[in-house]
>>> print(open('structure.cif').read())   # mmCIF, C-alpha atoms
data_model
#
loop_
_atom_site.label_atom_id
_atom_site.label_comp_id
_atom_site.auth_asym_id
_atom_site.auth_seq_id
_atom_site.Cartn_x
_atom_site.Cartn_y
_atom_site.Cartn_z
CA MET G 1122 16.68 9.45 -38.59
CA ALA G 1123 18.05 6.19 -39.87
CA THR G 1124 16.14 3.88 -37.54
CA PHE G 1125 13.58 1.51 -38.94
CA PHE G 1126 13.10 -1.00 -36.16
CA GLY G 1127 11.16 1.35 -33.93
CA GLU G 1128 12.73 2.90 -30.87
CA VAL G 1129 11.96 5.12 -27.96
CA VAL G 1130 13.95 8.34 -28.41
CA VAL G 1131 14.01 10.86 -25.63
CA ALA G 1132 14.85 14.30 -26.98
CA PRO G 1133 17.33 15.93 -27.20
CA SER G 1134 19.90 13.13 -27.26
CA ARG G 1135 19.96 9.39 -27.77
CA ALA G 1136 23.10 8.97 -25.71
CA GLY G 1137 22.37 6.81 -22.71
CA VAL G 1138 24.07 9.02 -20.18
CA ASP G 1139 22.86 9.50 -16.68
CA ASP G 1140 24.48 12.70 -15.40
CA GLU G 1141 24.19 11.74 -11.77
CA GLU G 1142 25.83 8.41 -12.44
CA SER G 1143 28.79 9.98 -14.29
CA ALA G 1144 29.40 12.26 -11.35
CA GLU G 1145 29.81 9.17 -9.16
CA GLU G 1146 32.41 7.49 -11.37
CA GLY G 1147 35.58 6.40 -9.67
CA TRP G 1148 34.09 6.98 -6.23
CA GLU G 1149 33.88 3.99 -3.92
CA GLU G 1150 30.87 4.08 -1.63
CA THR G 1151 31.62 3.73 2.10
CA PRO G 1152 28.94 2.43 4.50
CA GLU G 1153 28.35 6.03 5.66
CA ASP G 1154 27.89 7.17 2.07
CA ARG G 1155 25.44 4.34 1.51
CA ASP G 1156 23.36 5.43 4.53
CA ILE G 1157 23.35 9.05 3.40
CA ARG G 1158 22.31 8.00 -0.11
CA ARG G 1159 19.48 5.87 1.27
CA GLU G 1160 18.16 8.71 3.42
CA LEU G 1161 18.34 11.12 0.48
CA GLU G 1162 16.52 8.63 -1.72
CA LYS G 1163 13.77 8.27 0.88
CA LYS G 1164 13.28 12.04 0.92
CA ARG G 1165 13.49 12.22 -2.86
CA TYR G 1166 11.22 9.28 -3.58
CA ARG G 1167 8.47 9.73 -1.00
CA PRO G 1168 6.77 12.51 -2.99
CA ARG G 1169 7.01 10.29 -6.09
CA GLU G 1170 5.24 7.35 -4.49
CA VAL G 1171 2.12 6.08 -6.15
CA ASP G 1172 -0.66 5.69 -3.60
CA VAL G 1173 -3.60 3.41 -4.55
CA ARG G 1174 -6.69 3.80 -2.36
CA TRP G 1175 -9.66 1.51 -2.67
CA THR G 1176 -13.04 2.71 -1.41
CA LEU G 1177 -15.06 -0.48 -1.73
CA LYS G 1178 -17.97 -0.85 0.62
CA SER G 1179 -16.53 -4.08 1.96
CA GLY G 1180 -13.98 -1.97 3.78
CA MET G 1181 -10.55 -0.43 3.26
CA ARG G 1182 -7.83 -2.88 2.33
CA THR G 1183 -4.27 -2.31 3.36
CA GLU G 1184 -2.08 -5.28 2.47
CA SER G 1185 -3.22 -7.63 -0.23
CA SER G 1186 -3.04 -11.32 0.39
CA ALA G 1187 -4.12 -14.24 -1.76
CA ASP G 1188 -7.68 -14.30 -0.51
CA GLU G 1189 -8.10 -10.53 -0.58
CA LEU G 1190 -7.50 -9.98 -4.28
CA PHE G 1191 -10.29 -8.36 -6.25
CA VAL G 1192 -11.99 -10.67 -8.68
CA CYS G 1193 -12.20 -8.98 -12.08
CA SER G 1194 -13.20 -10.49 -15.38
CA LYS G 1195 -12.74 -7.37 -17.49
CA LEU G 1196 -10.67 -4.26 -16.87
CA ILE G 1197 -10.76 -1.37 -19.33
CA LEU G 1198 -8.03 1.23 -18.83
CA ALA G 1199 -8.36 4.62 -20.50
CA ILE G 1200 -5.04 6.42 -20.37
CA GLY G 1201 -4.75 10.06 -21.33
CA HIS G 1202 -7.30 12.86 -21.63
CA ASN G 1203 -8.83 11.71 -24.93
CA ALA G 1204 -9.38 8.12 -23.85
CA ALA G 1205 -10.71 9.23 -20.46
CA ALA G 1206 -13.10 11.64 -22.16
CA PHE G 1207 -14.28 8.83 -24.47
CA LEU G 1208 -15.28 6.76 -21.44
CA SER G 1209 -16.95 9.74 -19.78
CA SER G 1210 -18.96 10.54 -22.90
CA PHE G 1211 -20.04 7.08 -23.98
CA ILE G 1212 -19.80 4.65 -21.08
CA LEU G 1213 -19.73 6.15 -17.62
CA ASP G 1214 -22.76 7.39 -15.74
CA SER G 1215 -23.61 7.63 -12.07
CA VAL G 1216 -26.47 5.13 -12.33
CA CYS G 1217 -24.65 2.04 -13.58
CA TRP G 1218 -21.13 2.69 -12.32
CA GLU G 1219 -19.67 3.32 -8.85
CA VAL G 1220 -16.25 4.65 -7.87
CA VAL G 1221 -14.20 1.97 -6.16
CA GLY G 1222 -10.75 3.47 -5.97
CA ALA G 1223 -8.33 6.22 -6.86
CA VAL G 1224 -4.62 6.65 -7.45
CA LYS G 1225 -2.88 9.61 -5.85
CA LEU G 1226 0.44 10.71 -7.23
CA TRP G 1227 2.58 13.74 -7.92
CA ASN G 1228 5.27 14.46 -10.49
CA GLU G 1229 6.68 17.48 -12.32
CA TRP G 1230 3.81 17.42 -14.80
CA CYS G 1231 0.77 16.95 -12.62
CA ARG G 1232 -0.74 16.33 -9.24
CA THR G 1233 -3.88 14.23 -9.04
CA SER G 1234 -7.05 15.90 -7.84
CA SER G 1235 -8.03 15.02 -4.28
CA THR G 1236 -11.74 14.49 -4.89
CA THR G 1237 -13.64 11.82 -6.80
CA ASN G 1238 -16.02 14.41 -8.19
CA VAL G 1239 -13.70 15.48 -10.97
CA LEU G 1240 -13.92 17.90 -13.86
CA PRO G 1241 -12.74 16.81 -17.32
CA THR G 1242 -9.84 19.26 -17.09
CA ASP G 1243 -8.55 17.85 -13.79
CA SER G 1244 -5.74 15.30 -13.52
CA PHE G 1245 -7.11 12.17 -11.95
CA CYS G 1246 -6.94 8.40 -11.90
CA LEU G 1247 -10.18 6.71 -10.82
CA PHE G 1248 -11.48 3.15 -10.82
CA TYR G 1249 -15.14 2.34 -11.40
CA ARG G 1250 -17.12 -0.89 -11.09
CA LEU G 1251 -20.28 -1.89 -12.98
CA ILE G 1252 -23.00 -2.21 -10.35
CA SER G 1253 -24.86 -4.95 -12.22
CA ASP G 1254 -21.67 -7.00 -12.73
CA PRO G 1255 -19.03 -6.12 -10.13
CA THR G 1256 -16.31 -8.02 -11.97
CA VAL G 1257 -16.31 -5.44 -14.78
CA TRP G 1258 -14.05 -2.51 -13.97
CA LEU G 1259 -13.05 0.71 -15.69
CA CYS G 1260 -10.12 3.00 -15.01
CA GLN G 1261 -9.81 6.56 -16.22
CA CYS G 1262 -6.26 7.82 -15.92
CA SER G 1263 -5.96 11.36 -17.24
CA CYS G 1264 -2.90 12.23 -15.15
CA TYR G 1265 0.57 11.74 -16.57
CA VAL G 1266 2.38 8.90 -14.81
CA ALA G 1267 6.13 9.60 -14.96
CA GLU G 1268 8.68 7.02 -16.13
CA ASP G 1269 9.84 6.17 -12.65
CA GLN G 1270 6.24 5.78 -11.42
CA GLN G 1271 4.89 3.54 -14.19
CA PHE G 1272 6.21 0.27 -12.82
CA GLN G 1273 5.03 1.19 -9.34
CA TRP G 1274 1.54 2.00 -10.67
CA LEU G 1275 1.40 -1.31 -12.46
CA GLU G 1276 2.51 -3.39 -9.49
CA LYS G 1277 0.26 -1.61 -6.99
CA VAL G 1278 -2.88 -1.74 -9.13
CA PHE G 1279 -2.51 -5.25 -10.53
CA GLY G 1280 -1.11 -6.52 -7.26
CA CYS G 1281 -4.61 -6.12 -5.86
CA MET G 1282 -6.28 -8.08 -8.64
CA GLN G 1283 -6.65 -11.75 -9.32
CA LYS G 1284 -4.96 -12.31 -12.68
CA GLU G 1285 -6.58 -15.58 -13.74
CA GLY G 1286 -9.51 -15.03 -16.07
CA LEU G 1287 -8.79 -11.30 -16.32
CA GLN G 1288 -9.04 -9.59 -19.69
CA VAL G 1289 -7.40 -6.18 -19.85
CA THR G 1290 -8.17 -3.67 -22.59
CA ILE G 1291 -6.14 -0.48 -22.81
CA LEU G 1292 -7.36 2.62 -24.63
CA SER G 1293 -4.91 5.42 -25.38
CA THR G 1294 -4.16 8.04 -28.02
CA CYS G 1295 -1.10 9.19 -29.92
CA PRO G 1296 -0.56 12.15 -32.22
CA VAL G 1297 -0.87 11.29 -35.92
CA ALA G 1298 2.45 13.12 -36.39
CA ASP G 1299 4.16 10.26 -34.53
CA TYR G 1300 2.72 7.59 -36.83
CA LYS G 1301 5.41 6.11 -39.09
CA THR G 1302 4.14 4.97 -42.45
CA GLN G 1303 5.12 4.87 -46.08
CA GLU G 1304 1.75 6.30 -47.03
CA SER G 1305 1.39 10.01 -47.48
CA THR G 1306 0.02 11.66 -44.35
CA LEU G 1307 -2.26 13.76 -46.54
CA THR G 1308 -4.28 10.68 -47.41
CA LEU G 1309 -4.37 9.22 -43.90
CA PRO G 1310 -7.98 9.08 -42.68
CA SER G 1311 -7.27 10.51 -39.24
CA PRO G 1312 -8.31 9.88 -36.59
CA PHE G 1313 -7.93 6.12 -37.01
CA LEU G 1314 -7.81 3.09 -34.74
CA LYS G 1315 -5.01 0.51 -34.50
CA ALA G 1316 -4.59 -2.36 -32.09
CA LEU G 1317 -1.94 -4.47 -30.41
CA LYS G 1318 -2.91 -7.81 -28.91
CA THR G 1319 -1.25 -10.61 -26.99
CA LYS G 1320 -1.12 -14.22 -28.21
CA GLU G 1321 -3.72 -15.16 -25.60
CA PHE G 1322 -6.37 -12.85 -27.05
CA LYS G 1323 -8.46 -15.07 -29.29
CA GLU G 1324 -11.43 -12.83 -30.01
CA GLN G 1325 -11.95 -10.80 -33.17
CA VAL G 1326 -10.02 -7.52 -33.23
CA CYS G 1327 -12.22 -4.64 -34.35
CA CYS G 1328 -9.54 -2.73 -36.26
CA PRO G 1329 -6.22 -3.29 -38.08
CA LEU G 1330 -3.13 -4.12 -36.07
CA LEU G 1331 -0.41 -1.54 -35.46
CA GLU G 1332 2.26 -1.94 -38.11
CA GLN G 1333 5.99 -1.95 -37.49
CA PRO G 1334 7.93 0.22 -36.70
CA ASN G 1335 5.27 2.02 -34.67
CA ILE G 1336 5.41 1.44 -30.93
CA VAL G 1337 3.49 2.32 -27.79
CA ARG G 1338 5.35 3.64 -24.77
CA ASP G 1339 4.83 4.77 -21.17
CA LEU G 1340 1.92 3.57 -19.04
CA PRO G 1341 -0.09 1.89 -21.80
CA ALA G 1342 3.05 -0.09 -22.73
CA ALA G 1343 3.80 -0.96 -19.13
CA MET X 936 14.10 -10.49 -13.83
CA PHE X 937 14.24 -13.08 -16.62
CA VAL X 938 10.90 -14.58 -17.67
CA SER X 939 11.06 -17.55 -19.97
CA CYS X 940 8.71 -17.81 -22.94
CA ASP X 941 8.07 -21.40 -22.00
CA HIS X 942 5.91 -20.15 -19.13
CA GLY X 943 8.46 -21.24 -16.55
CA GLY X 944 7.47 -18.20 -14.48
CA PRO X 945 9.72 -15.52 -13.00
CA SER X 946 11.75 -17.98 -10.97
CA ALA X 947 12.78 -20.15 -13.92
CA THR X 948 16.34 -19.60 -15.05
CA SER X 949 17.08 -20.92 -18.47
CA ASP X 950 20.36 -22.70 -18.62
CA PHE X 951 22.73 -20.97 -21.00
CA LYS X 952 25.75 -22.90 -19.77
CA GLY X 953 28.76 -22.15 -21.91
CA PHE X 954 26.86 -19.68 -24.10
CA THR X 955 28.14 -16.26 -25.10
CA LEU X 956 25.80 -13.41 -24.16
CA LEU X 957 25.77 -10.63 -26.74
CA MET X 958 24.09 -7.43 -25.69
CA PRO X 959 24.03 -3.70 -26.53
CA ALA X 960 24.70 -0.69 -24.38
CA VAL X 961 22.06 1.99 -24.93
CA SER X 962 24.60 4.47 -26.27
CA VAL X 963 25.04 7.34 -28.69
CA GLY X 964 23.61 6.62 -32.13
CA ASN X 965 22.08 3.39 -30.80
CA VAL X 966 24.91 1.58 -32.60
CA GLY X 967 24.90 -1.47 -30.35
CA GLN X 968 21.13 -1.90 -30.55
CA LEU X 969 21.06 -1.60 -34.35
CA ALA X 970 23.86 -4.15 -34.62
CA ILE X 971 21.95 -6.54 -32.36
CA ASP X 972 18.82 -6.12 -34.52
CA LEU X 973 20.88 -7.20 -37.53
CA VAL X 974 22.34 -10.19 -35.65
CA ILE X 975 18.88 -11.36 -34.55
CA SER X 976 17.24 -10.96 -37.94
CA THR X 977 20.16 -12.31 -40.00
CA LEU X 978 20.61 -15.42 -37.83
CA ASP X 979 16.82 -15.81 -37.49
CA MET X 980 17.14 -16.23 -33.73
CA THR X 981 14.27 -17.51 -31.59
CA LYS X 982 12.87 -15.46 -28.72
CA VAL X 983 13.28 -17.38 -25.48
CA GLY X 984 12.16 -14.84 -22.92
CA TYR X 985 12.19 -11.26 -21.71
CA PHE X 986 13.31 -9.16 -18.74
CA TYR X 987 10.63 -7.96 -16.35
CA THR X 988 12.34 -4.83 -15.10
CA ASP X 989 11.52 -1.39 -13.75
CA CYS X 990 14.84 0.01 -15.01
CA LEU X 991 13.83 0.70 -18.62
CA VAL X 992 11.13 2.95 -20.12
CA PRO X 993 8.24 0.63 -21.08
CA MET X 994 7.44 0.12 -24.74
CA VAL X 995 5.60 -2.41 -26.85
CA GLY X 996 5.07 -2.95 -30.56
CA ASN X 997 4.57 -5.72 -33.07
CA ASN X 998 7.40 -8.08 -34.06
CA PRO X 999 10.17 -6.01 -35.69
CA TYR X 1000 11.76 -9.06 -37.32
CA ALA X 1001 8.61 -10.24 -39.07
CA THR X 1002 9.15 -12.05 -42.34
CA ALA X 1003 5.54 -12.99 -43.06
CA GLU X 1004 1.96 -12.20 -42.08
CA GLU X 1005 1.88 -15.01 -39.49
CA ASN X 1006 4.83 -13.91 -37.39
CA SER X 1007 4.16 -10.18 -37.63
CA VAL X 1008 1.57 -10.08 -34.86
CA GLU X 1009 3.72 -11.24 -31.97
CA LEU X 1010 4.29 -8.50 -29.40
CA SER X 1011 7.79 -7.23 -28.62
CA ILE X 1012 8.78 -5.28 -25.53
CA ASN X 1013 11.75 -3.30 -24.27
CA ALA X 1014 14.14 -6.08 -23.17
CA GLU X 1015 13.99 -9.46 -24.84
CA VAL X 1016 16.26 -12.49 -24.99
CA TYR X 1017 16.90 -14.51 -28.15
CA SER X 1018 18.95 -17.66 -28.56
CA LEU X 1019 20.72 -19.74 -31.18
CA PRO X 1020 21.81 -22.98 -29.52
CA SER X 1021 23.74 -24.18 -32.58
CA LYS X 1022 26.18 -21.30 -32.12
CA LYS X 1023 25.90 -21.25 -28.31
CA LEU X 1024 24.76 -17.66 -28.62
CA VAL X 1025 22.24 -15.84 -26.47
CA VAL X 1026 21.35 -12.26 -27.28
CA LEU X 1027 19.70 -9.59 -25.16
CA GLN X 1028 18.08 -6.70 -27.04
CA ILE X 1029 17.29 -3.47 -25.19
CA ARG X 1030 14.88 -1.16 -26.96
CA SER X 1031 14.38 1.79 -24.64
CA PRO X 1032 16.43 4.18 -22.50
CA PHE X 1033 17.19 3.67 -18.83
CA ILE X 1034 15.08 5.38 -16.20
CA LYS X 1035 16.95 7.89 -14.04
CA ASN X 1036 18.93 6.33 -11.17
CA LYS X 1037 18.35 2.81 -12.49
CA TYR X 1038 21.73 2.18 -14.17
CA ARG X 1039 23.36 0.56 -11.17
CA PRO X 1040 20.39 -1.70 -10.18
CA PHE X 1041 20.11 -2.89 -13.76
CA CYS X 1042 23.81 -3.74 -14.02
CA GLN X 1043 23.71 -5.61 -10.73
CA THR X 1044 20.59 -7.62 -11.63
CA LEU X 1045 21.96 -8.34 -15.10
CA LEU X 1046 25.26 -9.61 -13.77
CA SER X 1047 23.58 -11.86 -11.23
CA TRP X 1048 21.38 -13.28 -14.01
CA VAL X 1049 24.49 -13.90 -16.13
CA LYS X 1050 26.02 -15.84 -13.24
CA SER X 1051 22.89 -17.86 -12.49
CA SER X 1052 22.32 -18.77 -16.14
CA LYS X 1053 25.98 -19.84 -16.38
CA CYS X 1054 26.93 -17.81 -19.45
CA ALA X 1055 30.57 -18.28 -20.32
CA ARG X 1056 31.23 -14.71 -21.44
CA VAL X 1057 29.51 -11.40 -22.15
CA VAL X 1058 30.15 -9.29 -25.23
CA LEU X 1059 28.85 -5.71 -25.02
CA LEU X 1060 28.42 -3.63 -28.18
CA SER X 1061 28.73 0.07 -27.51
CA SER X 1062 29.63 3.45 -28.95
CA SER X 1063 31.05 6.79 -27.87
CA HIS X 1064 30.98 10.35 -29.12
CA ALA X 1065 33.23 10.71 -32.18
CA TYR X 1066 33.98 14.33 -31.34
CA GLN X 1067 35.79 13.24 -28.16
CA ARG X 1068 38.66 11.67 -30.12
CA ASP X 1069 42.14 13.12 -29.82
CA ASP X 1070 44.45 13.71 -32.82
CA GLU X 1071 45.85 10.17 -32.78
CA GLN X 1072 42.46 8.55 -32.54
CA LEU X 1073 41.25 10.47 -35.58
CA LEU X 1074 43.62 8.39 -37.68
CA GLY X 1075 42.99 4.76 -38.48
CA THR X 1076 40.09 2.60 -37.41
CA PRO X 1077 37.36 4.09 -35.21
CA LEU X 1078 36.75 0.65 -33.63
CA ARG X 1079 38.06 -0.17 -30.18
CA TYR X 1080 37.82 -3.08 -27.78
CA LEU X 1081 38.16 -3.61 -24.04
CA LEU X 1082 38.79 -6.95 -22.33
CA THR X 1083 38.28 -7.95 -18.73
CA PRO X 1084 41.29 -9.70 -17.13
CA ASP X 1085 39.84 -13.22 -17.57
CA LEU X 1086 39.14 -12.68 -21.24
CA GLU X 1087 42.54 -11.03 -21.70
CA ASN X 1088 44.09 -14.45 -21.04
CA ALA X 1089 41.66 -16.24 -23.32
CA VAL X 1090 41.51 -14.00 -26.37
CA GLY X 1091 44.23 -11.37 -25.92
CA GLY X 1092 46.27 -13.15 -28.58
CA LEU X 1093 43.37 -13.07 -31.03
CA MET X 1094 43.09 -9.29 -30.64
CA GLN X 1095 46.78 -8.98 -31.57
CA GLU X 1096 46.31 -11.17 -34.63
CA LEU X 1097 43.32 -9.15 -35.79
CA ASN X 1098 45.31 -5.97 -35.21
CA TRP X 1099 42.48 -4.42 -33.21
CA LYS X 1100 43.11 -1.41 -31.02
CA GLU X 1101 42.44 -1.34 -27.31
CA MET X 1102 40.48 1.63 -25.98
CA GLU X 1103 42.94 4.25 -24.75
CA LYS X 1104 42.71 5.70 -21.28
CA VAL X 1105 42.64 9.46 -20.83
CA ALA X 1106 44.10 11.70 -18.16
CA ALA X 1107 41.85 11.98 -15.12
CA TYR X 1108 42.69 15.66 -14.73
CA PRO X 1109 43.73 16.87 -18.18
CA GLY X 1110 46.06 19.85 -18.16
CA ILE X 1111 46.72 19.50 -14.43
CA ASN X 1112 48.07 16.02 -13.95
CA ASP X 1113 48.68 13.81 -16.96
CA THR X 1114 49.98 10.78 -15.10
CA GLU X 1115 46.71 9.45 -13.66
CA LYS X 1116 44.76 7.70 -16.43
CA VAL X 1117 41.16 6.59 -16.38
CA LEU X 1118 38.76 4.93 -18.75
CA HIS X 1119 36.40 7.50 -20.27
CA ILE X 1120 33.56 6.45 -22.57
CA PRO X 1121 31.35 9.53 -23.12
CA GLY X 1122 27.96 8.65 -24.56
CA GLY X 1123 28.49 4.98 -23.75
CA GLY X 1124 25.65 4.53 -21.29
CA ILE X 1125 26.27 1.58 -18.97
CA THR X 1126 29.45 0.49 -20.80
CA LYS X 1127 31.98 1.69 -18.26
CA ARG X 1128 29.87 0.66 -15.26
CA LEU X 1129 29.32 -2.85 -16.61
CA PHE X 1130 32.99 -3.20 -17.54
CA THR X 1131 34.26 -2.19 -14.12
CA GLU X 1132 31.69 -4.26 -12.24
#
>>> encode(input="structure.cif", output="structure tokens")
Amino acid sequence: MATFFGEVVVAPSRAGVDDEESAEEGWEETPEDRDIRRELEKKRYRPREVDVRWTLKSGMRTESSADELFVCSKLILAIGHNAAAFLSSFILDSVCWEVVGAVKLWNEWCRTSSTTNVLPTDSFCLFYRLISDPTVWLCQCSCYVAEDQQFQWLEKVFGCMQKEGLQVTILSTCPVADYKTQESTLTLPSPFLKALKTKEFKEQVCCPLLEQPNIVRDLPAA
Amino acid sequence: MFVSCDHGGPSATSDFKGFTLLMPAVSVGNVGQLAIDLVISTLDMTKVGYFYTDCLVPMVGNNPYATAEENSVELSINAEVYSLPSKKLVVLQIRSPFIKNKYRPFCQTLLSWVKSSKCARVVLLSSSHAYQRDDEQLLGTPLRYLLTPDLENAVGGLMQELNWKEMEKVAAYPGINDTEKVLHIPGGGITKRLFTE
């Protein structure tokens, strides 16, 4: 592959062709067609909706408004089985942390478990809060969030949080086989840690930064 | 959709009055995107903002145009806007594929942003499958252009001078009815949709 600048390639083809769209070419949509399409989209998209449910003791929240946003100072998101397992093994316990919310979703790859008492092999997305400092939150997201659900997940979760003074840390894993480097992979000390940070992050980073042309995609990128 | 780097917020629309917008179609071989990368790095263009959109697969990485240690740690995402005021050029780079069913919403939002930012013209770099060429197209240059009616008046003459070839239309129903011709750009992504809209 001749690319050097780093790109997201979806196998098997790089051609940006949407089969459904090509089938619509040259067809002008009448108002009736538009109504039919909207109804079909409602049926198609309802199962793909991302449902965020908070279980805070202060009561269930439905619509968020300015004064109902959660106040968080730190949010640590663990995305994927490995990162979620890391939090389970080293951070989470039932004494210091309480479950405050869950995300329910379905896609072709997984359906989230319906209980908060989950096994490591389940697909789930749970939010926890540190009892001694309720502004510190964790999220374990071991379910796969599909492309068309990622933006929705982002908006629904962060839409409930006050963004000023919030520091977000995202933990995720990638296969070493996807790591692009001029070094020989035989000498790579895997597993290894790399970081990406925004301009606003002024603290010390605990590991080297991710070199070009490597990229992060999907929910951690969103 | 457009968020300015100067922290103007999502409602700020940078004024690109009279500028030419250069952008790629996410198309076969990523030709347009690679060309845009070369334009941005060769002209050392400055990032002025990005698109906050749900139409593209999310991605993030470190600055792909880094020339030194200092500028290598700036984050880059899937749709970013760069500008070179001295050449009245604004460039949009798209780094990931479209999400299913999001082609039309993206084109519509993009075109309304183009109008509100007062760009004078849009140049789209694209590509199409080489194996779709007919016998005549196999000869000569593989490059083609398409002009919208307004630009036809402005630069049609220049195309003649440069001896460039206009993209040929193909029969809508080949073998059955050869009289009805349509534009067909296989592998071109949003090219045809953006052109017709």
>>> closest_residue(input="structure.cif", among="X:Leu956, X:Asp1113, X:Met994, X:Leu1078", to="Asn1098 in chain X", atoms="only C-alpha atoms")
X:Leu1078
>>> closest_residue(input="structure.cif", among="X:Met1102, X:Ala1065, X:Ile1029, X:Ala1107", to="Pro1121 in chain X", atoms="only C-alpha atoms")
X:Ala1065
>>> residues_around(input="structure.cif", residues="Thr977 in chain X", least_positions_apart="3", cutoff="12 Å", atoms="only C-alpha atoms", output="ChimeraX atom specification")
/X:970-974,980-981,1000-1002,1019
>>> atom_distance(input="structure.cif", atom1="CA of Arg1155 in chain G", atom2="CA of Val1171 in chain G")
24.6 Å
>>> closest_atom_pairs(input="structure.cif", of="chain X", to="chain G", cutoff="8 Å", atoms="only C-alpha atoms", output="JSON lines")
{"residue": "X:Val961", "atom": "CA", "partner": "G:Gly1137", "partner_atom": "CA", "distance": 5.3}
{"residue": "X:Ser962", "atom": "CA", "partner": "G:Ala1136", "partner_atom": "CA", "distance": 4.8}
{"residue": "X:Val963", "atom": "CA", "partner": "G:Ala1136", "partner_atom": "CA", "distance": 3.9}
{"residue": "X:Gly964", "atom": "CA", "partner": "G:Arg1135", "partner_atom": "CA", "distance": 6.3}
{"residue": "X:Asn965", "atom": "CA", "partner": "G:Arg1135", "partner_atom": "CA", "distance": 7.0}
{"residue": "X:Asp972", "atom": "CA", "partner": "G:Phe1126", "partner_atom": "CA", "distance": 7.8}
{"residue": "X:Asp989", "atom": "CA", "partner": "G:Phe1272", "partner_atom": "CA", "distance": 5.6}
{"residue": "X:Val992", "atom": "CA", "partner": "G:Glu1268", "partner_atom": "CA", "distance": 6.2}
{"residue": "X:Pro993", "atom": "CA", "partner": "G:Ala1343", "partner_atom": "CA", "distance": 5.1}
{"residue": "X:Met994", "atom": "CA", "partner": "G:Arg1338", "partner_atom": "CA", "distance": 4.1}
{"residue": "X:Val995", "atom": "CA", "partner": "G:Val1337", "partner_atom": "CA", "distance": 5.3}
{"residue": "X:Gly996", "atom": "CA", "partner": "G:Ile1336", "partner_atom": "CA", "distance": 4.4}
{"residue": "X:Asn997", "atom": "CA", "partner": "G:Gln1333", "partner_atom": "CA", "distance": 6.0}
{"residue": "X:Asn998", "atom": "CA", "partner": "G:Gln1333", "partner_atom": "CA", "distance": 7.2}
{"residue": "X:Pro999", "atom": "CA", "partner": "G:Phe1126", "partner_atom": "CA", "distance": 5.8}
{"residue": "X:Val1008", "atom": "CA", "partner": "G:Leu1330", "partner_atom": "CA", "distance": 7.7}
{"residue": "X:Glu1009", "atom": "CA", "partner": "G:Lys1320", "partner_atom": "CA", "distance": 6.8}
{"residue": "X:Leu1010", "atom": "CA", "partner": "G:Thr1319", "partner_atom": "CA", "distance": 6.4}
{"residue": "X:Arg1030", "atom": "CA", "partner": "G:Glu1128", "partner_atom": "CA", "distance": 6.0}
{"residue": "X:Ser1031", "atom": "CA", "partner": "G:Val1129", "partner_atom": "CA", "distance": 5.3}
{"residue": "X:Pro1032", "atom": "CA", "partner": "G:Gly1137", "partner_atom": "CA", "distance": 6.5}
{"residue": "X:Phe1033", "atom": "CA", "partner": "G:Gly1137", "partner_atom": "CA", "distance": 7.2}
{"residue": "X:Ile1034", "atom": "CA", "partner": "G:Asp1269", "partner_atom": "CA", "distance": 6.4}
{"residue": "X:Lys1035", "atom": "CA", "partner": "G:Asp1139", "partner_atom": "CA", "distance": 6.7}
{"residue": "X:Asn1036", "atom": "CA", "partner": "G:Glu1142", "partner_atom": "CA", "distance": 7.3}
{"residue": "X:Tyr1038", "atom": "CA", "partner": "G:Glu1142", "partner_atom": "CA", "distance": 7.7}
{"residue": "X:Pro1121", "atom": "CA", "partner": "G:Val1138", "partner_atom": "CA", "distance": 7.9}
{"residue": "X:Gly1122", "atom": "CA", "partner": "G:Ala1136", "partner_atom": "CA", "distance": 5.0}
{"residue": "X:Gly1123", "atom": "CA", "partner": "G:Gly1137", "partner_atom": "CA", "distance": 6.5}
{"residue": "X:Gly1124", "atom": "CA", "partner": "G:Gly1137", "partner_atom": "CA", "distance": 4.2}
{"residue": "X:Ile1125", "atom": "CA", "partner": "G:Gly1137", "partner_atom": "CA", "distance": 7.5}
>>> resolve_selection(input="structure.cif", expression="the PyMOL selection byres ((chain G and resi 1223) around 10)", output="list in words")
Asp1172, Val1173, Arg1174, Trp1175, Thr1176, Val1220, Val1221, Gly1222, Val1224, Lys1225, Leu1226, Thr1233, Ser1234, Ser1235, Thr1236, Thr1237, Phe1245, Cys1246, Leu1247, Phe1248, Tyr1249, Cys1260, Gln1261, Cys1262 and Val1278 of chain G
>>> residues_around(input="structure.cif", residues="Trp1099 in chain X", least_positions_apart="5", cutoff="10 Å", atoms="only C-alpha atoms", output="list of chain:residue names")
X:Thr1076, X:Leu1078, X:Arg1079, X:Tyr1080, X:Leu1093, X:Met1094
>>> residues_around(input="structure.cif", residues="Phe1207 in chain G", least_positions_apart="3", cutoff="12 Å", atoms="all atoms listed in the file", output="count of residues only")
20
>>> atom_distance(input="structure.cif", atom1="CA of Lys952 in chain X", atom2="CA of Asn1013 in chain X")
24.5 Å
>>> atom_distance(input="structure.cif", atom1="CA of His1119 in chain X", atom2="CA of Gln1095 in chain X")
22.5 Å
>>> closest_residue(input="structure.cif", among="X:Trp1048, X:Phe937, X:Phe1130, X:Phe954", to="Val1016 in chain X", atoms="all atoms listed in the file")
X:Phe937
>>> resolve_selection(input="structure.cif", expression="the PyMOL selection byres ((chain X and resi 1049) around 12)", output="ChimeraX atom specification")
/X:936-937,948-958,1025-1027,1042-1048,1050-1058
>>> residues_around(input="structure.cif", residues="Thr1131 in chain X", least_positions_apart="2", cutoff="10 Å", atoms="only C-alpha atoms", output="list in words")
Gly1147 of chain G; Thr1083, Leu1118, Thr1126, Lys1127, Arg1128 and Leu1129 of chain X
>>> closest_residue(input="structure.cif", among="G:Leu1307, G:Arg1250, G:Cys1193, G:Glu1324", to="Gly1286 in chain G", atoms="all atoms listed in the file")
G:Cys1193
